[in-house]
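Below is one structure, written out as structure tokens, with a few remarks after it.
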Amino acid sequence: MAYELAKLMLEHSETFLERTEAVQTALYLGMPLQEIEDYLDWVEMVRAKPDKQTQRQRRG
């Protein structure tokens, strides 16, 4: 349960301060640093993917 809370905080952090606090909280909850880094990489990858419907709208 603690990891789910940590992942939600990491996923919803947008600013540098929010992300710093989320990482600190995840570490406090016992989440290994490597897992935090991997999850943040995944979050960035998901955010970077343009969604297919948006691409269709741009094409007109």
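Convention: chains lettered A, B, ... in structure tokens order; per-chain residue numbering from 1; ligands numbered from 1 as shown.
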
For Thr25 (chain A), list every protein, DNA or RNA residue within 8 Å, evaluated using only C-alpha atoms, and leave out those in the same chain fewer than 4 positions away; present the list as a PyMOL selection string. chain A and resi 6+21+29

Selected residues written out with N, CA, C and O atoms, as a compact mmCIF listing (two decimals), in the first residue's frame:
# COMPACT_ATOMS: atom_id res chain seq x y z
N ALA A 6 3.22 6.22 -2.73
CA ALA A 6 4.44 6.86 -3.23
C ALA A 6 4.36 7.06 -4.74
O ALA A 6 4.71 8.12 -5.26
N GLU A 21 9.67 16.57 -2.99
CA GLU A 21 8.90 16.10 -1.84
C GLU A 21 8.37 14.68 -2.07
O GLU A 21 8.37 13.86 -1.15
N LEU A 29 8.92 6.01 2.79
CA LEU A 29 8.01 4.86 2.81
C LEU A 29 8.73 3.55 2.47
O LEU A 29 8.11 2.50 2.45

May I have the residues within 7 Å of region 7-13 of chain A as number ranges by chain, using only C-alpha atoms and disregarding those fewer than 4 positions away in the same chain? A: 3, 18-19, 22-23, 40, 43

How about saving the chosen residues, N, CA, C and O atoms kept, as a short mmCIF file (atom, residue, chain, number, x, y, z; two decimals), in the first residue's frame?
data_model
loop_
_atom_site.label_atom_id
_atom_site.label_comp_id
_atom_site.auth_asym_id
_atom_site.auth_seq_id
_atom_site.Cartn_x
_atom_site.Cartn_y
_atom_site.Cartn_z
N TYR A 3 3.77 1.72 -1.35
CA TYR A 3 4.34 1.98 -2.67
C TYR A 3 3.30 2.62 -3.59
O TYR A 3 3.64 3.46 -4.40
N GLU A 18 7.57 19.81 -5.93
CA GLU A 18 6.65 18.68 -5.75
C GLU A 18 7.35 17.35 -5.96
O GLU A 18 7.14 16.40 -5.20
N ARG A 19 8.19 17.28 -6.98
CA ARG A 19 8.90 16.04 -7.27
C ARG A 19 9.90 15.73 -6.15
O ARG A 19 10.03 14.57 -5.74
N ALA A 22 7.96 14.38 -3.29
CA ALA A 22 7.46 13.05 -3.61
C ALA A 22 8.57 12.00 -3.49
O ALA A 22 8.34 10.91 -2.97
N VAL A 23 9.76 12.34 -3.96
CA VAL A 23 10.89 11.42 -3.85
C VAL A 23 11.25 11.20 -2.38
O VAL A 23 11.47 10.07 -1.95
N LEU A 40 9.84 7.15 -12.27
CA LEU A 40 9.84 8.50 -12.83
C LEU A 40 10.16 8.48 -14.32
O LEU A 40 9.59 9.25 -15.09
N VAL A 43 6.98 7.47 -15.99
CA VAL A 43 6.02 8.58 -15.98
C VAL A 43 6.37 9.58 -17.08
O VAL A 43 5.50 10.02 -17.83
#

Please return as a ChimeraX atom specification: the residues of chain A that backbone DSSP assigns to helix (DSSP H, G or I). /A:2-12,16-28,33-48,52-59

Would you compute the distance between CA of Pro32 (chain A) and CA of Ala2 (chain A)? Give it in Å to one decimal. 12.1 Å

Give me, please, the distance in Å between CA of Glu4 (chain A) and CA of Tyr39 (chain A), quoted to one decimal. 11.4 Å
